[in-house]
file run.txt (compact mmCIF, C-alpha atoms)
# COMPACT_ATOMS: atom_id res chain seq x y z
CA MET J 1322 16.64 -24.38 21.62
CA SER J 1323 19.75 -24.82 19.52
CA ARG J 1324 22.38 -22.13 19.25
CA LEU J 1325 21.86 -19.51 16.59
CA SER J 1326 24.06 -19.63 13.53
CA ARG J 1327 26.33 -16.72 12.69
CA LEU J 1328 24.00 -15.57 9.93
CA GLN J 1329 20.99 -15.69 12.27
CA ARG J 1330 22.86 -13.56 14.83
CA GLN J 1331 23.77 -11.08 12.07
CA VAL J 1332 20.14 -10.85 10.91
CA LEU J 1333 18.87 -10.27 14.46
CA SER J 1334 21.53 -7.64 15.01
CA LEU J 1335 20.55 -5.92 11.76
CA TYR J 1336 16.90 -5.96 12.87
CA ARG J 1337 17.76 -4.22 16.15
CA GLU J 1338 20.02 -1.70 14.41
CA LEU J 1339 17.33 -0.87 11.85
CA LEU J 1340 14.75 -0.35 14.60
CA ARG J 1341 17.14 1.94 16.49
CA ALA J 1342 18.06 3.91 13.38
CA GLY J 1343 14.40 4.28 12.46
CA ARG J 1344 13.32 5.83 15.74
CA GLY J 1345 11.84 9.23 15.14
CA LYS J 1346 11.49 8.71 11.40
CA PRO J 1347 7.88 8.34 10.28
CA GLY J 1348 7.03 4.89 8.97
CA ALA J 1349 10.48 3.43 9.55
CA GLU J 1350 9.79 1.10 12.46
CA ALA J 1351 6.58 -0.22 10.95
CA ARG J 1352 8.30 -0.78 7.59
CA VAL J 1353 11.21 -2.64 9.21
CA ARG J 1354 8.86 -4.88 11.19
CA ALA J 1355 6.70 -5.58 8.13
CA GLU J 1356 9.71 -6.41 5.95
CA PHE J 1357 11.16 -8.82 8.51
CA ARG J 1358 7.78 -10.47 9.12
CA GLN J 1359 7.30 -10.91 5.38
CA HIS J 1360 10.54 -12.87 5.09
CA ALA J 1361 10.36 -14.69 8.44
CA CYS J 1362 9.02 -17.82 6.76
CA LEU J 1363 12.10 -18.30 4.57
CA PRO J 1364 13.62 -21.72 5.17
CA ARG J 1365 16.99 -21.74 6.90
CA SER J 1366 18.43 -23.62 3.93
CA ASP J 1367 17.76 -20.68 1.57
CA VAL J 1368 21.08 -19.07 2.46
CA LEU J 1369 21.56 -17.18 -0.81
CA ARG J 1370 18.24 -15.36 -0.47
CA ILE J 1371 18.84 -14.65 3.23
CA GLU J 1372 22.29 -13.23 2.48
CA TYR J 1373 20.84 -11.09 -0.32
CA LEU J 1374 18.16 -9.70 1.99
CA TYR J 1375 20.79 -9.13 4.69
CA ARG J 1376 22.96 -7.08 2.30
CA ARG J 1377 19.90 -5.12 1.18
CA GLY J 1378 19.05 -4.42 4.80
CA ARG J 1379 22.61 -3.21 5.44
CA ARG J 1380 22.28 -0.73 2.58
CA GLN J 1381 18.95 0.48 3.94
CA LEU J 1382 20.55 0.90 7.36
CA GLN J 1383 23.28 3.08 5.86
CA LEU J 1384 20.61 5.21 4.20
CA LEU J 1385 18.64 5.54 7.42
CA ARG J 1386 21.75 6.54 9.35
CA SER J 1387 22.71 9.17 6.80
CA GLY J 1388 21.34 12.60 7.51
CA HIS J 1389 19.35 12.62 4.29
CA ALA J 1390 16.65 10.16 5.33
CA THR J 1391 13.66 11.78 6.99
CA ALA J 1392 11.15 8.93 6.59
CA MET J 1393 10.95 5.41 5.26
CA GLY J 1394 8.26 4.06 3.02
CA ALA J 1395 7.60 1.43 0.42
CA PHE J 1396 7.88 1.99 -3.27
CA VAL J 1397 4.48 1.13 -4.66
CA ARG J 1398 3.53 1.66 -8.26
CA SER J 1399 -0.01 2.88 -8.25
CA ARG J 1400 -2.13 2.38 -11.33
CA GLY J 1401 -2.86 5.64 -13.12
CA PRO J 1402 -6.34 6.58 -14.31
CA THR J 1403 -5.51 5.69 -17.94
CA GLU J 1404 -3.87 2.33 -17.26
CA GLU J 1405 -5.81 -0.88 -17.69
CA PRO J 1406 -5.50 -3.86 -15.40
CA ARG J 1407 -3.08 -6.47 -16.75
CA ASP J 1408 -5.73 -9.09 -17.42
CA ALA J 1409 -7.78 -6.60 -19.51
CA VAL J 1410 -4.99 -6.46 -22.10
CA ALA J 1411 -5.09 -10.25 -22.55
CA ARG J 1412 -8.88 -10.24 -23.00
CA ARG J 1413 -8.86 -7.51 -25.65
CA ALA J 1414 -10.05 -8.63 -29.08
CA PRO J 1415 -7.67 -8.45 -32.07
CA SER J 1416 -7.62 -5.14 -33.88
CA GLU J 1417 -10.18 -4.46 -36.60
CA ASP J 1418 -7.61 -3.79 -39.32
CA GLY J 1419 -6.43 -7.41 -39.24
CA ASP J 1420 -3.00 -6.55 -37.89
CA SER J 1421 -2.36 -9.49 -35.62
CA THR J 1422 1.33 -8.76 -35.06
CA ARG J 1423 1.33 -8.11 -31.36
CA ASN J 1424 4.17 -8.18 -28.97
CA PRO J 1425 4.00 -11.53 -27.13
CA LEU J 1426 5.01 -9.77 -23.92
CA ASP J 1427 2.00 -7.44 -23.95
CA GLY J 1428 -0.11 -8.02 -20.91
CA MET J 1429 2.60 -9.88 -19.06
CA GLY J 1430 3.75 -8.37 -15.81
CA SER J 1431 7.05 -8.85 -14.11
CA PRO J 1432 7.48 -12.26 -12.53
CA GLU J 1433 6.55 -12.24 -8.88
CA THR J 1434 8.29 -14.20 -6.20
CA PRO J 1435 5.91 -16.63 -4.53
CA PRO J 1436 5.49 -16.30 -0.75
CA ASP J 1437 7.87 -19.17 -0.07
CA GLY J 1438 10.65 -17.20 -1.84
CA ARG J 1439 11.37 -19.74 -4.58
call {"tool": "encode", "arguments": {"input": "run.txt", "output": "structure tokens"}}
result
Amino acid sequence: MSRLSRLQRQVLSLYRELLRAGRGKPGAEARVRAEFRQHACLPRSDVLRIEYLYRRGRRQLQLLRSGHATAMGAFVRSRGPTEEPRDAVARRAPSEDGDSTRNPLDGMGSPETPPDGR
């Protein structure tokens, strides 16, 4: 196996530090492992994205080490009971009053990053 690059060593070190900092905090270790597994398939040539994720991980480590963090979880926006699925908005028929001036961004969600990170 070839020697690890400096960035690879930094990422592995961050992984270990996050696992250590997350001990005893509910959900922290599982979240760290899941996050690193999710991005494990990034190509080595995608240095900008790797550096961004590294900096984000450093900030999360600082938060975990501060005395304020008691647990670690994911921010998930759950759909409320009155919200419609995104594709339902696109299928809706035009209004009865003939007002066809709709916002072209209605029904469009935020762009999602494909699994390969591009």
call {"tool": "residues_around", "arguments": {"input": "run.txt", "residues": "Leu1325 in chain J", "least_positions_apart": "5", "cutoff": "12 Å", "atoms": "all atoms listed in the file", "output": "list in words"}}
result
Arg1330, Gln1331, Val1332, Leu1333, Ser1334 and Arg1365 of chain J
call {"tool": "residues_around", "arguments": {"input": "run.txt", "residues": "range 1377-1389 of chain J", "least_positions_apart": "5", "cutoff": "10 Å", "atoms": "only C-alpha atoms", "output": "PyMOL selection string"}}
result
chain J and resi 1332+1335-1336+1338-1344+1346+1349+1353+1356-1357+1371-1372
call {"tool": "atom_distance", "arguments": {"input": "run.txt", "atom1": "CA of His1360 in chain J", "atom2": "CA of Tyr1373 in chain J"}}
result
11.8 Å
call {"tool": "atom_distance", "arguments": {"input": "run.txt", "atom1": "CA of Leu1369 in chain J", "atom2": "CA of Leu1328 in chain J"}}
result
11.1 Å
call {"tool": "atom_distance", "arguments": {"input": "run.txt", "atom1": "CA of Gly1345 in chain J", "atom2": "CA of Gln1329 in chain J"}}
result
26.7 Å
call {"tool": "build_atoms", "arguments": {"input": "run.txt", "residues": "range 1343-1367 of chain J", "atoms": "N, CA and C atoms", "output": "short mmCIF file (atom, residue, chain, number, x, y, z; two decimals), in the frame of the given file"}}
result
data_model
loop_
_atom_site.label_atom_id
_atom_site.label_comp_id
_atom_site.auth_asym_id
_atom_site.auth_seq_id
_atom_site.Cartn_x
_atom_site.Cartn_y
_atom_site.Cartn_z
N GLY J 1343 15.67 3.78 12.95
CA GLY J 1343 14.40 4.28 12.46
C GLY J 1343 13.58 5.04 13.48
N ARG J 1344 14.06 5.08 14.72
CA ARG J 1344 13.32 5.83 15.74
C ARG J 1344 13.23 7.29 15.35
N GLY J 1345 12.04 7.82 15.45
CA GLY J 1345 11.84 9.23 15.14
C GLY J 1345 11.64 9.53 13.66
N LYS J 1346 11.72 8.52 12.83
CA LYS J 1346 11.49 8.71 11.40
C LYS J 1346 10.15 8.07 11.05
N PRO J 1347 9.23 8.85 10.53
CA PRO J 1347 7.88 8.34 10.28
C PRO J 1347 7.87 7.12 9.35
N GLY J 1348 7.21 6.08 9.78
CA GLY J 1348 7.03 4.89 8.97
C GLY J 1348 8.18 3.91 9.00
N ALA J 1349 9.30 4.28 9.61
CA ALA J 1349 10.48 3.43 9.55
C ALA J 1349 10.32 2.16 10.36
N GLU J 1350 9.90 2.29 11.61
CA GLU J 1350 9.79 1.10 12.46
C GLU J 1350 8.75 0.13 11.92
N ALA J 1351 7.62 0.65 11.50
CA ALA J 1351 6.58 -0.22 10.95
C ALA J 1351 7.07 -0.91 9.69
N ARG J 1352 7.79 -0.20 8.84
CA ARG J 1352 8.30 -0.78 7.59
C ARG J 1352 9.32 -1.88 7.88
N VAL J 1353 10.20 -1.64 8.85
CA VAL J 1353 11.21 -2.64 9.21
C VAL J 1353 10.52 -3.90 9.73
N ARG J 1354 9.57 -3.72 10.63
CA ARG J 1354 8.86 -4.88 11.19
C ARG J 1354 8.13 -5.65 10.09
N ALA J 1355 7.45 -4.93 9.21
CA ALA J 1355 6.70 -5.58 8.13
C ALA J 1355 7.63 -6.35 7.20
N GLU J 1356 8.76 -5.76 6.87
CA GLU J 1356 9.71 -6.41 5.95
C GLU J 1356 10.26 -7.69 6.58
N PHE J 1357 10.61 -7.63 7.86
CA PHE J 1357 11.16 -8.82 8.51
C PHE J 1357 10.08 -9.89 8.69
N ARG J 1358 8.87 -9.49 8.99
CA ARG J 1358 7.78 -10.47 9.12
C ARG J 1358 7.49 -11.15 7.78
N GLN J 1359 7.57 -10.37 6.71
CA GLN J 1359 7.30 -10.91 5.38
C GLN J 1359 8.27 -12.03 5.03
N HIS J 1360 9.51 -11.89 5.46
CA HIS J 1360 10.54 -12.87 5.09
C HIS J 1360 10.86 -13.84 6.22
N ALA J 1361 10.09 -13.81 7.30
CA ALA J 1361 10.36 -14.69 8.44
C ALA J 1361 10.14 -16.16 8.09
N CYS J 1362 9.33 -16.44 7.10
CA CYS J 1362 9.02 -17.82 6.76
C CYS J 1362 10.03 -18.45 5.80
N LEU J 1363 11.07 -17.73 5.45
CA LEU J 1363 12.10 -18.30 4.57
C LEU J 1363 12.75 -19.50 5.26
N PRO J 1364 12.95 -20.57 4.55
CA PRO J 1364 13.62 -21.72 5.17
C PRO J 1364 15.09 -21.40 5.46
N ARG J 1365 15.59 -21.98 6.51
CA ARG J 1365 16.99 -21.74 6.90
C ARG J 1365 17.95 -22.18 5.81
N SER J 1366 17.55 -23.10 4.98
CA SER J 1366 18.43 -23.62 3.93
C SER J 1366 18.56 -22.67 2.75
N ASP J 1367 17.72 -21.64 2.68
CA ASP J 1367 17.76 -20.68 1.57
C ASP J 1367 18.78 -19.57 1.88
#
